[in-house]
$ cat run-v5.txt   # compact mmCIF, C-alpha atoms
# COMPACT_ATOMS: atom_id res chain seq x y z
CA MET A 1 15.48 -1.97 -8.94
CA SER A 2 13.56 -0.43 -11.84
CA VAL A 3 13.99 3.05 -13.25
CA VAL A 4 11.76 5.72 -11.71
CA SER A 5 8.91 6.61 -14.05
CA ALA A 6 7.97 10.17 -15.02
CA PRO A 7 6.04 12.11 -12.34
CA PRO A 8 2.35 12.93 -12.90
CA SER A 9 1.25 16.19 -14.45
CA TYR A 10 0.43 19.06 -12.10
CA LYS A 11 -1.07 21.27 -14.79
CA GLY A 12 -3.88 23.45 -13.44
CA HIS A 13 -2.77 23.27 -9.78
CA ARG A 14 -1.84 26.61 -8.26
CA CYS A 15 0.07 25.13 -5.31
CA PRO A 16 3.73 24.15 -5.75
CA VAL A 17 4.65 20.51 -6.28
CA GLU A 18 6.50 20.51 -2.95
CA VAL A 19 3.28 21.34 -1.07
CA ILE A 20 1.22 18.71 -2.88
CA SER A 21 3.78 15.93 -2.39
CA LEU A 22 4.27 16.86 1.26
CA CYS A 23 0.52 16.70 1.98
CA VAL A 24 0.18 13.33 0.25
CA TRP A 25 3.23 12.00 2.11
CA LEU A 26 1.92 13.14 5.49
CA TYR A 27 -1.49 11.57 4.94
CA PHE A 28 -0.31 8.17 3.71
CA ARG A 29 2.77 7.90 5.91
CA PHE A 30 1.18 8.75 9.27
CA PRO A 31 -2.28 8.00 10.74
CA LEU A 32 -3.52 11.56 10.17
CA SER A 33 -6.87 12.94 9.07
CA PHE A 34 -7.20 15.49 6.27
CA ARG A 35 -7.89 18.18 8.86
CA GLU A 36 -4.75 17.25 10.80
CA VAL A 37 -2.69 17.55 7.62
CA GLU A 38 -4.31 20.96 7.06
CA GLU A 39 -3.25 21.99 10.57
CA LEU A 40 0.32 20.80 10.09
CA MET A 41 0.59 22.75 6.86
CA LEU A 42 -0.83 25.85 8.55
CA GLU A 43 1.89 25.60 11.21
CA ARG A 44 4.37 25.75 8.32
CA GLY A 45 2.69 28.89 6.99
CA VAL A 46 0.87 27.14 4.11
CA VAL A 47 -2.88 27.72 3.90
CA VAL A 48 -4.63 24.74 2.29
CA SER A 49 -8.05 23.30 3.09
CA HIS A 50 -8.67 19.72 4.14
CA GLU A 51 -10.87 19.25 1.06
CA THR A 52 -7.95 20.20 -1.16
CA VAL A 53 -5.75 17.70 0.67
CA ARG A 54 -8.41 15.05 0.11
CA ARG A 55 -8.52 15.77 -3.63
CA TRP A 56 -4.72 15.68 -3.89
CA CYS A 57 -4.54 12.34 -2.09
CA GLY A 58 -7.24 10.91 -4.34
CA LYS A 59 -5.63 12.19 -7.53
CA PHE A 60 -1.91 11.67 -6.86
CA GLY A 61 -1.76 8.99 -4.16
CA GLN A 62 -2.24 6.03 -6.49
CA ALA A 63 0.12 7.48 -9.12
CA TYR A 64 2.85 7.90 -6.51
CA ALA A 65 2.22 4.39 -5.17
CA ASP A 66 2.41 2.80 -8.63
CA SER A 67 5.69 4.58 -9.38
CA LEU A 68 7.19 3.49 -6.05
CA ARG A 69 6.22 -0.13 -6.71
CA ARG A 70 8.09 -0.03 -10.02
CA THR A 71 11.29 0.91 -8.18
CA ARG A 72 11.21 -2.14 -5.93
CA PRO A 73 13.05 -5.41 -6.54
CA ARG A 74 11.19 -8.41 -7.91
CA PRO A 75 9.10 -10.26 -5.30
CA SER A 76 10.65 -13.22 -3.54
CA ASP A 77 9.67 -16.78 -4.42
CA LYS A 78 7.37 -17.38 -1.44
CA TRP A 79 4.08 -15.53 -1.11
CA HIS A 80 1.80 -15.34 1.92
CA LEU A 81 -1.98 -14.92 1.59
CA ASP A 82 -4.42 -13.99 4.33
CA GLU A 83 -7.80 -12.35 4.90
CA VAL A 84 -9.25 -10.30 7.77
CA PHE A 85 -12.57 -8.73 8.72
CA ILE A 86 -13.03 -5.02 8.09
CA LYS A 87 -16.16 -2.97 8.64
CA VAL A 88 -17.29 -0.91 5.66
CA ASN A 89 -20.26 1.42 6.19
CA GLY A 90 -21.41 -0.70 9.11
CA GLU A 91 -21.17 -4.04 7.25
CA TRP A 92 -18.49 -6.69 7.68
CA LYS A 93 -16.33 -7.34 4.64
CA TYR A 94 -13.16 -9.33 4.04
CA LEU A 95 -9.83 -7.82 3.08
CA TRP A 96 -7.72 -10.33 1.12
CA ARG A 97 -4.01 -9.61 1.02
CA ALA A 98 -0.96 -11.19 -0.61
CA VAL A 99 2.61 -10.30 0.42
CA ASP A 100 5.98 -11.83 -0.31
CA GLN A 101 8.27 -13.21 2.38
CA ASP A 102 9.83 -9.74 2.90
CA GLY A 103 6.41 -8.21 3.57
CA SER A 104 6.11 -6.34 0.26
CA LEU A 105 2.50 -6.10 -0.86
CA LEU A 106 1.56 -7.95 -4.04
CA ASP A 107 -2.19 -7.34 -4.15
CA ILE A 108 -5.27 -6.60 -2.04
CA LEU A 109 -8.96 -7.16 -2.68
CA VAL A 110 -12.05 -6.29 -0.62
CA GLN A 111 -14.84 -8.88 -0.93
CA SER A 112 -18.10 -9.71 0.81
CA ARG A 113 -17.28 -13.39 1.36
CA ARG A 114 -14.39 -15.71 2.02
CA ASP A 115 -15.70 -18.83 0.30
CA LYS A 116 -14.19 -20.74 -2.62
CA ALA A 117 -15.55 -18.30 -5.20
CA ALA A 118 -13.93 -15.37 -3.39
CA ALA A 119 -10.62 -17.24 -3.12
CA LYS A 120 -10.72 -18.10 -6.84
CA ARG A 121 -11.39 -14.46 -7.69
CA PHE A 122 -8.41 -13.36 -5.62
CA PHE A 123 -6.14 -16.05 -7.12
CA ARG A 124 -7.07 -15.05 -10.67
CA ARG A 125 -6.51 -11.37 -9.90
CA LEU A 126 -3.13 -12.20 -8.39
CA LEU A 127 -2.14 -14.24 -11.45
CA LYS A 128 -3.24 -11.46 -13.78
CA ARG A 129 -1.30 -8.76 -11.94
CA THR A 130 1.91 -10.73 -11.37
CA GLY A 131 2.00 -13.13 -14.30
CA ALA A 132 3.24 -16.05 -12.20
CA VAL A 133 2.95 -17.36 -8.67
CA PRO A 134 5.98 -19.29 -7.34
CA ARG A 135 4.63 -20.88 -4.13
CA ILE A 136 2.05 -19.79 -1.59
CA VAL A 137 1.52 -20.09 2.14
CA THR A 138 -1.95 -19.69 3.66
CA ASP A 139 -3.76 -20.43 6.88
CA LYS A 140 -6.12 -23.41 7.19
CA LEU A 141 -9.15 -21.76 5.57
CA ARG A 142 -10.54 -24.47 3.29
CA SER A 143 -11.45 -21.96 0.59
CA TYR A 144 -7.76 -21.60 -0.28
CA SER A 145 -7.25 -25.32 -0.88
CA ALA A 146 -10.44 -25.64 -2.94
CA ALA A 147 -9.56 -22.64 -5.10
CA HIS A 148 -5.94 -23.74 -5.42
CA ARG A 149 -6.95 -27.08 -6.93
CA GLU A 150 -8.98 -25.35 -9.64
CA VAL A 151 -7.02 -22.18 -10.42
CA MET A 152 -3.33 -22.98 -9.83
CA PRO A 153 -2.88 -26.72 -9.16
CA SER A 154 0.77 -26.69 -10.28
CA VAL A 155 1.75 -24.08 -7.67
CA GLU A 156 3.17 -25.38 -4.38
CA HIS A 157 0.74 -24.65 -1.55
CA ARG A 158 1.57 -24.92 2.16
CA CYS A 159 -1.36 -24.65 4.55
CA HIS A 160 -0.24 -23.85 8.09
CA LYS A 161 -1.34 -21.00 10.36
CA GLY A 162 2.00 -20.79 12.14
CA LEU A 163 3.87 -20.19 8.88
CA ASN A 164 1.66 -17.29 7.82
CA ASN A 165 2.69 -14.63 10.34
CA ARG A 166 4.15 -12.45 7.59
CA ALA A 167 0.73 -11.92 6.00
CA GLU A 168 -1.05 -11.55 9.33
CA ASN A 169 1.43 -8.89 10.49
CA SER A 170 0.97 -6.98 7.22
CA HIS A 171 -2.60 -6.12 8.30
CA GLN A 172 -1.40 -3.99 11.22
CA PRO A 173 -1.03 -0.68 9.31
CA THR A 174 -4.56 -1.15 7.94
CA ARG A 175 -5.94 -1.66 11.45
CA GLN A 176 -4.12 1.45 12.61
CA ARG A 177 -5.62 3.57 9.83
CA GLU A 178 -9.05 2.01 10.30
CA ARG A 179 -9.07 3.21 13.90
CA ALA A 180 -7.79 6.66 12.99
CA MET A 181 -10.42 7.06 10.23
CA LYS A 182 -13.20 5.64 12.43
CA GLY A 183 -14.05 3.04 9.80
CA PHE A 184 -14.40 3.01 6.03
CA ARG A 185 -17.35 4.39 4.05
CA SER A 186 -17.53 2.24 0.90
CA VAL A 187 -15.88 -0.78 -0.70
CA GLY A 188 -14.54 1.27 -3.61
CA ALA A 189 -13.12 3.91 -1.29
CA VAL A 190 -11.34 1.39 0.94
CA GLN A 191 -9.95 -0.45 -2.09
CA ARG A 192 -8.53 2.78 -3.53
CA PHE A 193 -7.21 4.03 -0.20
CA LEU A 194 -5.49 0.78 0.79
CA SER A 195 -4.00 0.36 -2.68
CA ALA A 196 -2.31 3.76 -2.39
CA LEU A 197 -1.44 3.29 1.29
CA SER A 198 0.22 -0.07 0.65
CA GLY A 199 2.36 1.49 -2.06
CA ILE A 200 3.50 4.59 -0.16
CA SER A 201 3.68 3.68 3.53
CA PRO A 202 6.00 0.62 3.19
CA HIS A 203 8.45 2.69 1.16
CA PHE A 204 9.19 4.68 4.31
CA ARG A 205 9.22 1.64 6.59
CA PRO A 206 12.47 -0.25 5.99
CA ARG A 207 13.24 -3.17 8.25
CA ARG A 208 14.73 -0.91 10.88
CA HIS A 209 15.26 -3.64 13.44
CA LEU A 210 17.87 -5.17 11.11
CA MET A 211 19.84 -1.92 10.69
CA THR A 212 22.18 0.19 12.73
CA ALA A 213 21.25 3.85 13.18
CA PRO A 214 23.69 5.09 10.47
CA GLU A 215 22.46 2.39 8.07
CA TYR A 216 18.86 3.39 8.72
CA ARG A 217 19.54 7.08 8.08
CA ALA A 218 21.42 6.27 4.88
CA GLU A 219 18.58 4.04 3.66
CA MET A 220 15.96 6.68 4.45
CA THR A 221 18.01 9.32 2.60
CA VAL A 222 17.90 7.12 -0.51
CA ARG A 223 14.17 6.54 -0.12
CA PHE A 224 13.43 10.23 0.22
CA MET A 225 15.46 10.86 -2.94
CA ILE A 226 13.32 8.28 -4.77
CA TRP A 227 10.18 9.96 -3.42
CA GLU A 228 11.34 13.32 -4.78
CA GLN A 229 11.97 11.74 -8.19
CA VAL A 230 8.56 10.03 -8.19
CA THR A 231 6.69 13.20 -7.25
CA GLY A 232 8.72 15.52 -9.48
CA VAL A 233 10.22 17.59 -6.67
CA ALA A 234 13.72 16.48 -7.67
CA GLY A 235 13.35 18.11 -11.09
CA LEU A 236 12.59 21.55 -9.71
CA PRO A 237 15.23 24.32 -9.74
CA THR A 238 16.93 24.88 -6.40
CA LYS A 239 16.40 28.16 -4.62
CA ALA A 240 19.36 30.44 -4.13

$ encode --input "run-v5.txt" --output "structure tokens"
Amino acid sequence: MSVVSAPPSYKGHRCPVEVISLCVWLYFRFPLSFREVEELMLERGVVVSHETVRRWCGKFGQAYADSLRRTRPRPSDKWHLDEVFIKVNGEWKYLWRAVDQDGSLLDILVQSRRDKAAAKRFFRRLLKRTGAVPRIVTDKLRSYSAAHREVMPSVEHRCHKGLNNRAENSHQPTRQRERAMKGFRSVGAVQRFLSALSGISPHFRPRRHLMTAPEYRAEMTVRFMIWEQVTGVAGLPTKA
């Protein structure tokens, strides 16, 4: 696991770091709207508008997500790729996603097509971000095989729908948020939102079905400590 990087700067923000990090955590961890986060904070006696929550999530969400990704172990040696339909501003687009065999996100990309050119674009982006691709598993979409032969012919490629459940299951949180948000407004907005979501939400979703209750609580305690370090809350003086 890598060392936690320095938290972002909060210069110019009147609200405490604890409030900002809590709002960002609520929004990306649970299927809540900005107004629902505003209401939850009001119940805690903190007055903050939904527009302020939106700006905080846009400014700090990606920074938090990037820092959390740097704390994770190296990806496993088998990667799963898949694509699904999403509706953006009333038009159908394709969300391409790559995860490792443990379900950790490697990359996402929203595109208008799922042909060979789109697959090649996603492969090249994946190579650029990760540096190397060990072996990949995809469904039977022919675009994958055609792009694989041109972009990464030396990489082992298995094409079988039944072996790709890991990638298909990784789309479920996106579907949940898509319903809660009543759709996405633009390609850029969905790319930014899902990039931050896929960095923050999985951090608080350990494989609970493989743990006992005490193990789960201990693991979550560690993850909350990492979150406090990433956001800068851990460096604040404790109140008497």

$ residues_near_point --input "run-v5.txt" --point "(9.0, 24.5, -6.5)" --cutoff "12 Å" --atoms "only C-alpha atoms" --output "PyMOL selection string"
chain A and resi 10+14-22+228+231-239

$ residues_around --input "run-v5.txt" --residues "stretch 207-222 of chain A" --least-positions-apart "6" --cutoff "12 Å" --atoms "all atoms listed in the file" --output "list in words"
Thr71, Asp102, Gly103, Ser104, Glu228 and Gln229 of chain A

$ closest_residue --input "run-v5.txt" --among "A:Leu105, A:Val110, A:Thr130, A:Leu81" --to "A:His157" --atoms "only C-alpha atoms"
A:Leu81

$ closest_residue --input "run-v5.txt" --among "A:Phe204, A:Trp227, A:Phe123, A:Phe193" --to "A:Lys59" --atoms "all atoms listed in the file"
A:Phe193

$ atom_distance --input "run-v5.txt" --atom1 "atom CA of A:Ser76" --atom2 "atom CA of A:Lys128"
17.3 Å

$ residues_near_point --input "run-v5.txt" --point "(4.9, -25.1, -5.2)" --cutoff "8 Å" --atoms "only C-alpha atoms" --output "PyMOL selection string"
chain A and resi 134-136+154-157

$ atom_distance --input "run-v5.txt" --atom1 "atom CA of A:Gly58" --atom2 "atom CA of A:Ser186"
14.4 Å

$ closest_residue --input "run-v5.txt" --among "A:Val88, A:Cys159, A:Ile200, A:Leu109" --to "A:Trp25" --atoms "only C-alpha atoms"
A:Ile200

$ residues_around --input "run-v5.txt" --residues "A:Ser195" --least-positions-apart "4" --cutoff "8 Å" --atoms "all atoms listed in the file" --output "list in words"
Gln62, Ala65, Ile108, Gln191 and Gly199 of chain A

$ closest_residue --input "run-v5.txt" --among "A:Lys116, A:Arg121, A:Arg74, A:His160" --to "A:Ser143" --atoms "all atoms listed in the file"
A:Lys116

$ closest_residue --input "run-v5.txt" --among "A:Ser49, A:Thr138, A:Gln111, A:Ser5" --to "A:Ser67" --atoms "only C-alpha atoms"
A:Ser5

$ atom_distance --input "run-v5.txt" --atom1 "atom CA of A:Leu194" --atom2 "atom CA of A:Arg72"
18.2 Å

$ residues_around --input "run-v5.txt" --residues "A:Glu38" --least-positions-apart "4" --cutoff "8 Å" --atoms "only C-alpha atoms" --output "MDAnalysis selection string"
chainID A and resid 34 42 47:50 53

$ closest_residue --input "run-v5.txt" --among "A:Glu51, A:His13, A:Gly183, A:Pro173" --to "A:Arg29" --atoms "all atoms listed in the file"
A:Pro173

$ axis_aligned_box --input "run-v5.txt" --around "stretch 190-209 of chain A" --padding-each-side "8 Å" --output "lines of an AutoDock Vina configuration file"
center_x = 2.0
center_y = 0.5
center_z = 5.0
size_x = 42.6
size_y = 24.3
size_z = 33.0

$ residues_around --input "run-v5.txt" --residues "A:Pro31" --least-positions-apart "6" --cutoff "8 Å" --atoms "only C-alpha atoms" --output "PyMOL selection string"
chain A and resi 176-177+180

$ residues_around --input "run-v5.txt" --residues "A:Asp107" --least-positions-apart "3" --cutoff "7 Å" --atoms "all atoms listed in the file" --output "list in words"
Arg97, Ala98 and Leu126 of chain A

$ decode --input "run-v5.txt" --residues "stretch 62-73 of chain A" --atoms "N, CA and C atoms" --output "compact mmCIF listing (two decimals), in the first residue's frame"
# COMPACT_ATOMS: atom_id res chain seq x y z
N GLN A 62 -12.47 14.62 -6.84
CA GLN A 62 -11.45 13.95 -7.64
C GLN A 62 -10.11 13.89 -6.91
N ALA A 63 -9.78 14.94 -6.17
CA ALA A 63 -8.52 14.95 -5.40
C ALA A 63 -8.54 13.86 -4.34
N TYR A 64 -9.65 13.72 -3.64
CA TYR A 64 -9.77 12.66 -2.64
C TYR A 64 -9.66 11.29 -3.31
N ALA A 65 -10.36 11.13 -4.44
CA ALA A 65 -10.35 9.84 -5.14
C ALA A 65 -8.95 9.46 -5.60
N ASP A 66 -8.21 10.42 -6.16
CA ASP A 66 -6.86 10.14 -6.62
C ASP A 66 -5.95 9.73 -5.45
N SER A 67 -6.09 10.40 -4.33
CA SER A 67 -5.28 10.05 -3.16
C SER A 67 -5.61 8.67 -2.64
N LEU A 68 -6.91 8.32 -2.62
CA LEU A 68 -7.31 6.99 -2.16
C LEU A 68 -6.77 5.90 -3.09
N ARG A 69 -6.76 6.16 -4.39
CA ARG A 69 -6.24 5.17 -5.34
C ARG A 69 -4.76 4.89 -5.09
N ARG A 70 -4.02 5.93 -4.69
CA ARG A 70 -2.59 5.75 -4.45
C ARG A 70 -2.31 4.92 -3.21
N THR A 71 -3.31 4.75 -2.33
CA THR A 71 -3.10 3.94 -1.13
C THR A 71 -3.41 2.46 -1.37
N ARG A 72 -3.96 2.13 -2.52
CA ARG A 72 -4.37 0.75 -2.77
C ARG A 72 -3.21 -0.10 -3.28
N PRO A 73 -3.31 -1.42 -3.07
CA PRO A 73 -2.27 -2.31 -3.60
C PRO A 73 -2.27 -2.29 -5.13
